[in-house]
$ cat structure_12.cif   # mmCIF, C-alpha atoms and all ligand atoms
data_target
loop_
_atom_site.label_atom_id
_atom_site.label_comp_id
_atom_site.auth_asym_id
_atom_site.auth_seq_id
_atom_site.Cartn_x
_atom_site.Cartn_y
_atom_site.Cartn_z
CA MET A 1348 -2.54 -21.25 12.71
CA PRO A 1349 -0.94 -24.52 11.61
CA ALA A 1350 1.47 -24.54 8.71
CA VAL A 1351 0.00 -25.80 5.46
CA PRO A 1352 1.92 -28.96 4.49
CA GLY A 1353 3.77 -29.20 1.22
CA ARG A 1354 4.00 -25.47 0.62
CA VAL A 1355 6.28 -22.99 2.33
CA ASP A 1356 7.68 -23.27 5.85
CA LEU A 1357 5.66 -20.70 7.73
CA GLU A 1358 7.83 -21.06 10.82
CA GLN A 1359 10.99 -19.61 9.28
CA PRO A 1360 12.42 -16.82 11.43
CA VAL A 1361 11.93 -13.24 10.38
CA TRP A 1362 14.35 -10.32 10.70
CA VAL A 1363 12.80 -7.04 11.71
CA SER A 1364 14.06 -3.46 11.64
CA VAL A 1365 12.55 -1.01 14.10
CA GLU A 1366 13.35 2.49 15.17
CA LYS A 1367 15.13 2.34 18.52
CA GLY A 1368 12.97 5.12 19.97
CA ASP A 1369 9.90 2.92 19.39
CA VAL A 1370 11.31 -0.12 21.19
CA ALA A 1371 11.16 1.71 24.52
CA ALA A 1372 7.42 2.29 24.11
CA LEU A 1373 6.68 -1.39 23.47
CA ASP A 1374 6.34 -4.39 25.77
CA GLU A 1375 9.82 -5.49 26.89
CA ALA A 1376 8.77 -9.12 26.54
CA LEU A 1377 8.77 -8.69 22.77
CA PHE A 1378 12.49 -7.99 22.76
CA LYS A 1379 13.98 -10.86 24.69
CA SER A 1380 17.50 -10.60 23.32
CA ALA A 1381 19.83 -7.80 22.28
CA PRO A 1382 19.59 -6.50 18.71
CA LEU A 1383 21.68 -8.37 16.14
CA ALA A 1384 22.87 -5.09 14.64
CA GLN A 1385 22.07 -1.41 14.97
CA ASN A 1386 23.03 2.12 14.09
CA GLN A 1387 22.06 5.32 15.89
CA ARG A 1388 18.45 5.16 14.76
CA VAL A 1389 17.51 1.63 13.74
CA ALA A 1390 17.95 -1.82 15.34
CA ILE A 1391 17.60 -5.29 13.81
CA TYR A 1392 15.97 -8.14 15.77
CA LYS A 1393 15.17 -11.77 14.98
CA PHE A 1394 11.56 -12.84 15.49
CA ALA A 1395 9.61 -16.06 15.30
CA PRO A 1396 6.77 -15.50 12.80
CA SER A 1397 4.27 -16.32 15.53
CA GLU A 1398 5.62 -13.35 17.55
CA LEU A 1399 5.40 -10.98 14.61
CA GLY A 1400 1.67 -10.53 15.13
CA ARG A 1401 2.31 -9.46 18.72
CA LEU A 1402 4.84 -6.91 17.57
CA ALA A 1403 2.38 -5.53 15.00
CA ASP A 1404 -0.40 -5.43 17.58
CA GLY A 1405 1.86 -3.80 20.19
CA MET A 1406 2.99 -1.17 17.70
CA HIS A 1407 -0.62 -0.48 16.71
CA ARG A 1408 -1.74 -0.10 20.34
CA ALA A 1409 1.22 1.91 21.61
CA MET A 1410 1.86 4.08 18.56
CA ARG A 1411 -1.28 3.58 16.44
CA ARG A 1412 1.19 2.73 13.74
CA ALA A 1413 0.55 -0.03 11.23
CA PRO A 1414 2.95 -1.69 11.03
CA GLY A 1415 5.77 0.70 12.03
CA PHE A 1416 8.51 -1.79 11.21
CA PHE A 1417 9.98 -3.72 8.28
CA ALA A 1418 10.20 -7.52 8.26
CA TYR A 1419 12.45 -9.62 6.02
CA ASP A 1420 13.11 -13.25 5.11
CA THR A 1421 16.87 -12.81 5.62
CA LEU A 1422 19.23 -10.95 7.96
CA GLU A 1423 21.09 -9.69 4.90
CA ALA A 1424 17.97 -7.89 3.64
CA ALA A 1425 17.28 -6.39 7.07
CA LEU A 1426 20.83 -5.04 7.35
CA GLU A 1427 20.13 -2.83 4.33
CA ASP A 1428 17.97 -0.73 6.64
CA LEU A 1429 21.07 0.43 8.51
CA LYS A 1430 22.27 2.21 5.35
CA THR A 1431 21.19 5.66 4.22
CA PRO A 1432 18.57 5.30 1.46
CA PRO A 1433 19.49 6.67 -1.96
CA GLU A 1434 18.00 10.04 -2.92
CA PRO A 1435 15.29 9.75 -5.58
CA GLN A 1436 16.42 11.10 -8.94
CA ALA A 1437 15.16 14.64 -9.44
CA ARG A 1438 12.56 14.83 -12.18
CA ALA A 1439 10.40 17.53 -13.68
CA TYR A 1440 6.64 17.46 -13.16
CA SER A 1441 4.22 19.19 -15.51
CA LEU A 1442 0.46 19.50 -15.89
CA ASP A 1443 -0.68 19.57 -19.51
CA GLN A 1444 -3.23 16.75 -19.88
CA GLY A 1445 -6.20 18.80 -18.71
CA VAL A 1446 -8.49 17.79 -21.56
CA ARG A 1447 -7.93 14.07 -20.97
CA VAL A 1448 -8.11 14.32 -17.18
CA ARG A 1449 -11.40 16.27 -17.28
CA GLU A 1450 -12.85 13.81 -19.78
CA LEU A 1451 -12.08 10.84 -17.52
CA LEU A 1452 -12.97 12.31 -14.10
CA PRO A 1453 -16.77 11.98 -14.50
CA LEU A 1454 -16.34 8.23 -15.09
CA VAL A 1455 -15.17 7.72 -11.49
CA LYS A 1456 -18.15 6.31 -9.59
CA GLU A 1457 -18.75 5.97 -5.87
CA GLU A 1458 -21.06 2.94 -6.36
CA SER A 1459 -18.28 1.07 -8.07
CA ILE A 1460 -15.90 1.77 -5.15
CA VAL A 1461 -18.60 0.69 -2.68
CA SER A 1462 -19.02 -2.56 -4.59
CA ALA A 1463 -15.28 -3.37 -4.46
CA ILE A 1464 -15.03 -2.54 -0.73
CA THR A 1465 -18.07 -4.75 -0.10
CA SER A 1466 -16.53 -7.72 -1.93
CA LEU A 1467 -13.12 -7.41 -0.25
CA SER A 1468 -14.52 -6.88 3.25
CA SER A 1469 -16.84 -9.89 2.93
CA TYR A 1470 -13.92 -12.25 3.64
CA ARG A 1471 -13.60 -13.24 7.29
CA ASN A 1472 -10.21 -11.57 7.06
CA ARG A 1473 -7.46 -11.04 4.51
CA TYR A 1474 -4.78 -12.13 6.95
CA TYR A 1475 -1.53 -12.92 5.12
CA ARG A 1476 -1.13 -16.29 6.85
CA GLY A 1477 -4.79 -17.30 6.66
CA ALA A 1478 -6.82 -19.23 4.08
CA THR A 1479 -9.22 -16.36 3.41
CA GLY A 1480 -6.24 -14.04 2.91
CA VAL A 1481 -5.19 -16.32 0.06
CA ASP A 1482 -8.77 -16.47 -1.28
CA ALA A 1483 -9.09 -12.68 -1.36
CA SER A 1484 -5.88 -12.42 -3.39
CA LYS A 1485 -7.15 -15.06 -5.85
CA TRP A 1486 -10.46 -13.21 -6.16
CA LEU A 1487 -8.66 -10.00 -7.08
CA GLN A 1488 -6.46 -11.83 -9.58
CA GLN A 1489 -9.61 -13.09 -11.31
CA LEU A 1490 -11.28 -9.69 -11.30
CA TRP A 1491 -8.23 -7.94 -12.70
CA GLY A 1492 -7.70 -10.80 -15.15
CA SER A 1493 -11.14 -10.06 -16.59
CA TYR A 1494 -9.98 -6.51 -17.38
CA ALA A 1495 -7.25 -7.87 -19.67
CA GLU A 1496 -9.78 -9.43 -22.06
CA GLY A 1497 -9.50 -7.74 -25.45
CA ARG A 1498 -6.57 -5.63 -24.26
CA PRO A 1499 -3.27 -7.26 -25.28
CA ASP A 1500 -1.43 -4.37 -23.61
CA ILE A 1501 -2.90 -5.38 -20.21
CA SER A 1502 -1.61 -8.36 -18.23
CA VAL A 1503 -2.10 -9.63 -14.68
CA GLU A 1504 0.33 -11.58 -12.53
CA ALA A 1505 0.36 -13.10 -9.08
CA PHE A 1506 3.59 -12.12 -7.36
CA LYS A 1507 4.59 -15.01 -5.11
CA HIS A 1508 6.37 -14.51 -1.79
CA ALA A 1509 8.82 -17.07 -0.42
CA ALA A 1510 7.77 -16.82 3.22
CA PHE A 1511 3.96 -16.82 3.07
CA GLN A 1512 1.17 -17.90 0.76
CA GLN A 1513 -0.79 -14.74 0.17
CA GLU A 1514 0.23 -13.38 -3.23
CA SER A 1515 0.56 -9.75 -4.23
CA VAL A 1516 -1.39 -8.90 -7.39
CA ILE A 1517 -0.02 -6.79 -10.25
CA LEU A 1518 -1.95 -5.49 -13.26
CA THR A 1519 0.33 -4.04 -15.95
CA MET A 1520 -0.91 -1.52 -18.51
CA ARG A 1521 1.98 -1.48 -20.94
CA GLY A 1522 3.16 1.92 -22.15
CA ALA A 1523 2.74 2.62 -25.87
CA ALA A 1524 5.77 4.93 -26.24
CA GLU A 1525 8.18 4.39 -23.33
CA PRO A 1526 7.21 1.03 -21.80
CA GLU A 1527 10.45 0.76 -19.81
CA LYS A 1528 9.39 3.70 -17.63
CA VAL A 1529 7.00 2.61 -14.89
CA ILE A 1530 4.43 4.26 -12.62
CA VAL A 1531 3.22 2.23 -9.63
CA ILE A 1532 -0.21 2.77 -8.07
CA GLY A 1533 -1.59 0.57 -5.32
CA GLY A 1534 -2.06 -0.37 -1.69
CA HIS A 1535 -2.12 -3.34 0.61
CA LEU A 1536 -4.54 -6.19 0.21
CA ASP A 1537 -4.16 -7.83 3.62
CA SER A 1538 -6.06 -7.05 6.80
CA ILE A 1539 -5.52 -7.91 10.45
CA ALA A 1540 -7.22 -7.61 13.82
CA GLY A 1541 -5.27 -8.23 17.01
CA SER A 1542 -2.24 -10.43 16.48
CA GLY A 1543 -3.50 -13.24 14.28
CA ASP A 1544 -6.21 -14.99 12.32
CA ASN A 1545 -9.21 -13.10 13.77
CA PRO A 1546 -12.25 -11.60 12.02
CA ALA A 1547 -10.91 -8.52 10.22
CA PRO A 1548 -13.13 -7.12 7.45
CA GLY A 1549 -10.65 -4.28 6.94
CA ALA A 1550 -13.14 -2.17 5.00
CA ASP A 1551 -11.17 1.03 5.49
CA ASP A 1552 -7.78 -0.61 6.17
CA ASN A 1553 -7.38 -1.36 3.40
CA ALA A 1554 -10.20 -2.57 1.17
CA SER A 1555 -10.71 1.15 0.54
CA GLY A 1556 -7.22 1.56 -0.97
CA VAL A 1557 -7.54 -1.53 -3.17
CA ALA A 1558 -11.03 -0.41 -4.25
CA VAL A 1559 -9.65 3.01 -5.24
CA THR A 1560 -6.85 1.32 -7.21
CA ASN A 1561 -9.45 -0.89 -8.89
CA GLU A 1562 -11.57 2.13 -9.78
CA ILE A 1563 -8.64 3.93 -11.42
CA ILE A 1564 -8.00 0.87 -13.60
CA LYS A 1565 -11.68 0.58 -14.55
CA VAL A 1566 -11.99 4.24 -15.51
CA LEU A 1567 -8.79 4.24 -17.60
CA ILE A 1568 -10.10 1.20 -19.48
CA ALA A 1569 -13.65 2.53 -19.87
CA GLY A 1570 -12.23 5.81 -21.21
CA GLY A 1571 -10.12 4.00 -23.81
CA TYR A 1572 -6.95 5.43 -22.28
CA ARG A 1573 -3.56 4.10 -23.42
CA PRO A 1574 -0.58 5.34 -21.39
CA ALA A 1575 2.71 6.36 -23.03
CA LYS A 1576 4.61 4.92 -20.04
CA THR A 1577 3.77 1.66 -18.29
CA ILE A 1578 1.45 1.76 -15.29
CA LYS A 1579 1.59 -1.10 -12.79
CA PHE A 1580 -1.35 -1.35 -10.42
CA MET A 1581 -0.62 -3.35 -7.29
CA ALA A 1582 -2.32 -4.93 -4.31
CA PHE A 1583 0.37 -5.85 -1.78
CA ALA A 1584 0.30 -8.89 0.48
CA ALA A 1585 1.37 -8.79 4.15
CA GLU A 1586 1.71 -5.06 4.75
CA GLU A 1587 0.50 -5.43 8.31
CA ALA A 1588 3.30 -7.92 9.02
CA GLY A 1589 6.12 -5.51 8.23
CA LEU A 1590 5.54 -4.22 4.69
CA ARG A 1591 6.61 -7.63 3.41
CA GLY A 1592 4.66 -7.70 0.13
CA SER A 1593 5.80 -4.28 -1.04
CA GLY A 1594 9.27 -5.06 0.35
CA ASP A 1595 9.60 -8.12 -1.90
CA VAL A 1596 8.10 -6.46 -4.99
CA SER A 1597 10.21 -3.28 -4.69
CA ALA A 1598 13.35 -5.35 -4.02
CA ALA A 1599 12.70 -7.38 -7.19
CA PHE A 1600 12.20 -4.18 -9.17
CA GLN A 1601 15.40 -2.67 -7.80
CA LYS A 1602 17.33 -5.85 -8.62
CA GLU A 1603 16.01 -5.85 -12.18
CA GLY A 1604 16.78 -2.14 -12.56
CA VAL A 1605 13.14 -1.21 -13.25
CA LYS A 1606 12.81 2.54 -13.77
CA VAL A 1607 10.01 3.48 -11.39
CA GLU A 1608 9.22 7.14 -12.03
CA GLY A 1609 6.62 7.43 -9.31
CA MET A 1610 4.79 5.37 -6.69
CA LEU A 1611 1.38 6.27 -5.26
CA ASN A 1612 0.41 4.33 -2.14
CA LEU A 1613 -3.27 4.15 -1.18
CA ASP A 1614 -3.75 3.00 2.41
CA MET A 1615 -6.99 4.05 4.20
CA THR A 1616 -9.11 6.42 2.13
CA ASN A 1617 -12.71 6.22 3.33
CA TYR A 1618 -12.89 7.75 6.82
CA LYS A 1619 -13.03 11.54 6.94
CA GLY A 1620 -11.65 12.15 10.42
CA SER A 1621 -10.21 15.63 9.91
CA GLU A 1622 -11.24 18.96 8.54
CA LYS A 1623 -9.36 18.77 5.25
CA ASP A 1624 -10.01 16.24 2.51
CA ILE A 1625 -6.60 14.69 1.90
CA TYR A 1626 -3.40 14.59 4.00
CA PHE A 1627 0.00 13.68 2.56
CA VAL A 1628 2.55 11.73 4.57
CA SER A 1629 5.52 14.10 4.64
CA ASP A 1630 8.26 11.80 5.98
CA ASN A 1631 9.89 8.96 4.02
CA THR A 1632 8.13 10.21 0.89
CA SER A 1633 9.16 12.39 -2.06
CA ALA A 1634 8.66 16.11 -1.33
CA ASP A 1635 8.67 16.86 -5.07
CA GLN A 1636 6.04 14.27 -5.87
CA ASN A 1637 3.92 15.37 -2.89
CA ALA A 1638 4.00 18.94 -4.24
CA PHE A 1639 2.97 17.62 -7.66
CA LEU A 1640 0.00 15.81 -6.10
CA GLY A 1641 -1.00 19.00 -4.28
CA LYS A 1642 -0.92 20.80 -7.60
CA LEU A 1643 -3.10 18.11 -9.20
CA ILE A 1644 -5.68 18.65 -6.44
CA ASP A 1645 -5.60 22.44 -6.82
CA THR A 1646 -5.84 22.29 -10.61
CA TYR A 1647 -8.40 19.55 -11.18
CA LEU A 1648 -10.22 18.71 -7.96
CA GLY A 1649 -10.49 21.70 -5.66
CA TYR A 1650 -10.19 19.65 -2.46
CA THR A 1651 -8.47 20.91 0.67
CA TRP A 1652 -5.26 19.18 1.70
CA GLY A 1653 -2.56 19.11 4.34
CA SER A 1654 0.26 16.89 5.55
CA PHE A 1655 1.57 15.02 8.60
CA LYS A 1656 4.42 12.74 9.63
CA CYS A 1657 3.65 9.07 10.17
CA GLY A 1658 7.01 7.69 11.30
CA TYR A 1659 9.18 4.66 10.58
CA GLY A 1660 7.85 1.96 8.24
CA CYS A 1661 4.29 3.21 8.53
CA SER A 1662 2.97 2.01 5.16
CA ASP A 1663 4.04 0.61 1.79
CA HIS A 1664 5.45 3.90 0.46
CA ALA A 1665 8.38 3.30 2.83
CA SER A 1666 9.45 0.16 0.94
CA TRP A 1667 9.71 2.15 -2.29
CA SER A 1668 11.26 5.30 -0.81
CA LYS A 1669 13.98 3.21 0.77
CA LYS A 1670 15.05 2.03 -2.67
CA GLY A 1671 15.31 5.54 -4.06
CA TYR A 1672 11.93 5.58 -5.83
CA PRO A 1673 9.76 8.71 -5.43
CA ALA A 1674 6.74 7.60 -3.38
CA SER A 1675 3.74 9.34 -1.80
CA THR A 1676 0.80 8.45 0.42
CA PRO A 1677 -2.35 10.57 0.33
CA PHE A 1678 -4.19 9.65 3.54
CA GLU A 1679 -7.76 9.98 4.83
CA SER A 1680 -7.03 12.26 7.83
CA THR A 1681 -4.27 13.47 10.11
CA TYR A 1682 -2.33 10.80 11.97
CA GLU A 1683 -4.22 11.35 15.24
CA GLN A 1684 -7.67 11.50 13.69
CA CYS A 1685 -7.63 8.41 11.49
CA ASN A 1686 -10.29 5.71 11.63
CA PRO A 1687 -10.55 4.39 15.24
CA TYR A 1688 -12.13 1.11 14.11
CA ILE A 1689 -9.18 -0.29 12.14
CA HIS A 1690 -7.53 -3.57 13.17
CA LYS A 1691 -10.82 -4.62 14.74
CA ALA A 1692 -13.84 -6.68 13.67
CA VAL A 1693 -15.78 -3.41 13.41
CA ASP A 1694 -13.77 -1.98 10.49
CA THR A 1695 -16.82 -2.33 8.24
CA LEU A 1696 -18.38 -0.28 5.46
CA ALA A 1697 -21.33 0.35 7.80
CA GLN A 1698 -19.05 2.75 9.74
CA THR A 1699 -19.25 5.10 6.76
CA GLY A 1700 -22.95 4.49 6.22
CA GLY A 1701 -22.29 2.10 3.37
CA ARG A 1702 -20.82 5.01 1.40
CA ALA A 1703 -17.45 5.70 -0.21
CA GLU A 1704 -17.68 9.47 -0.60
CA HIS A 1705 -14.24 10.03 0.88
CA SER A 1706 -12.59 7.27 -1.19
CA LEU A 1707 -14.04 8.84 -4.32
CA LYS A 1708 -11.68 11.82 -3.86
CA PHE A 1709 -8.66 9.52 -3.80
CA ALA A 1710 -9.79 7.70 -6.94
CA ARG A 1711 -10.13 11.04 -8.74
CA LEU A 1712 -6.67 12.11 -7.52
CA GLY A 1713 -5.13 8.78 -8.54
CA LEU A 1714 -6.66 9.10 -11.98
CA ALA A 1715 -5.19 12.58 -12.51
CA TYR A 1716 -1.84 11.30 -11.20
CA ALA A 1717 -1.85 8.39 -13.66
CA VAL A 1718 -2.70 10.52 -16.69
CA GLU A 1719 -0.25 13.35 -15.91
CA LEU A 1720 2.65 11.04 -15.00
CA ALA A 1721 2.33 8.23 -17.56
CA LYS A 1722 2.25 10.64 -20.51
ZN ZN B 1801 -3.25 -0.16 6.23
#
$ encode --input "structure_12.cif" --output "structure tokens"
Amino acid sequence: MPAVPGRVDLEQPVWVSVEKGDVAALDEALFKSAPLAQNQRVAIYKFAPSELGRLADGMHRAMRRAPGFFAYDTLEAALEDLKTPPEPQARAYSLDQGVRVRELLPLVKEESIVSAITSLSSYRNRYYRGATGVDASKWLQQLWGSYAEGRPDISVEAFKHAAFQQESVILTMRGAAEPEKVIVIGGHLDSIAGSGDNPAPGADDNASGVAVTNEIIKVLIAGGYRPAKTIKFMAFAAEEAGLRGSGDVSAAFQKEGVKVEGMLNLDMTNYKGSEKDIYFVSDNTSADQNAFLGKLIDTYLGYTWGSFKCGYGCSDHASWSKKGYPASTPFESTYEQCNPYIHKAVDTLAQTGGRAEHSLKFARLGLAYAVELAK
């Protein structure tokens, strides 16, 4: 699509890091020149932004990975991916908020999740370079802004990105006792079909993750909950284009020395493709935090759960893990059995019969996670 005059230059080149093993499985035409830098595992390439969609589409078709790579505004930022990521600081996890968790759980409502998925998937798409992608972000900013009324401890900001116009959205619930310690809960706001500005309702990928995030916020507010630590709820821009929204936000946090004690990424929650209820991504995530989430399920929810590997740069948790923050992704199914309709015009709520029964489980898990971690 044409660049919007007077704003940002949408034709700036982009630097991409990919796993070298993946390059062989993709169309050679995507990689016209040699990598600019590499180590044994990862290679850095320069892309025109117009070609980025083809890379994302190729990765999705060949590997069913979305996106499966990181994209950056500068070569300098991309080169960081050749370094070994820092180990997350070991921390103790405990479960002792049972009374509060059990009081709040019945407030989680499927109808409310359905309503949020319906609103988000009503946009033609939420493409990060498209007008309706910007509109969807503005809509969410307004909705979350309405939650701050009468709550001086709640604030909402639009996080602007230098290279594209879709903004990430952040709702902060300031901690009453240790506000400098932060828990992050969220998922990506954008959607894509094919390689560009096509119809992409993205009901499962990922209106369902944003709707779950929204539901956790609503229930915490309705229950009069005030966290001891700060909780930041996020809807990331441009995940499908190389985890760019979460990349920018996590980089800003790292630069400012924000103490992120845990990150929960919600990306695809409403399609029950496998036998068990919830599957944790086991690579590029925190094993300790994943175990804690499993314990939350066993203690409060009684769902079945498993795990699987999803590979390089497969969703927004990877941006946070890479900076040494403990991150996890509870996912709707195994890797192979996830929703076959994503990245197409048919990723609609009708595919799940207009229901959000599966998403409901993730909202309940996210709620327990928030209350037991932000104490
Ligand atoms: Zn997604």
$ atom_distance --input "structure_12.cif" --atom1 "atom CA of Glu1608 of chain A" --atom2 "atom CA of Ala1674 of chain A"
9.0 Å
$ closest_residue --input "structure_12.cif" --among "A:Thr1632, A:Asn1617, A:Ser1538, A:Gln1489" --to "ligand ZN 1801 (chain B)" --atoms "all atoms listed in the file"
A:Ser1538
$ residues_near_point --input "structure_12.cif" --point "(8.3, 15.9, -5.5)" --cutoff "10 Å" --atoms "all atoms listed in the file" --output "ChimeraX atom specification"
/A:1435,1437-1440,1609,1632-1641,1673-1675
$ residues_near_ligand --input "structure_12.cif" --ligand "ligand ZN 1801 (chain B)" --cutoff "9 Å" --atoms "only C-alpha atoms and all ligand atoms" --output "ChimeraX atom specification"
/A:1413-1414,1534-1538,1549,1551-1554,1556,1586-1587,1613-1615,1661-1663,1689-1690
$ closest_residue --input "structure_12.cif" --among "A:Ala1715, A:Ala1390, A:Val1628, A:Ala1703" --to "Asp1443 of chain A" --atoms "only C-alpha atoms"
A:Ala1715
$ residues_around --input "structure_12.cif" --residues "Tyr1647 of chain A" --least-positions-apart "6" --cutoff "9 Å" --atoms "all atoms listed in the file" --output "mmCIF file with C-alpha atoms, in the frame of the given file"
data_model
loop_
_atom_site.group_PDB
_atom_site.id
_atom_site.type_symbol
_atom_site.label_atom_id
_atom_site.label_comp_id
_atom_site.auth_asym_id
_atom_site.auth_seq_id
_atom_site.Cartn_x
_atom_site.Cartn_y
_atom_site.Cartn_z
ATOM 1 C CA GLY A 1445 -6.200 18.800 -18.710
ATOM 2 C CA VAL A 1448 -8.110 14.320 -17.180
ATOM 3 C CA ARG A 1449 -11.400 16.270 -17.280
ATOM 4 C CA LEU A 1712 -6.670 12.110 -7.520
ATOM 5 C CA ALA A 1715 -5.190 12.580 -12.510
#
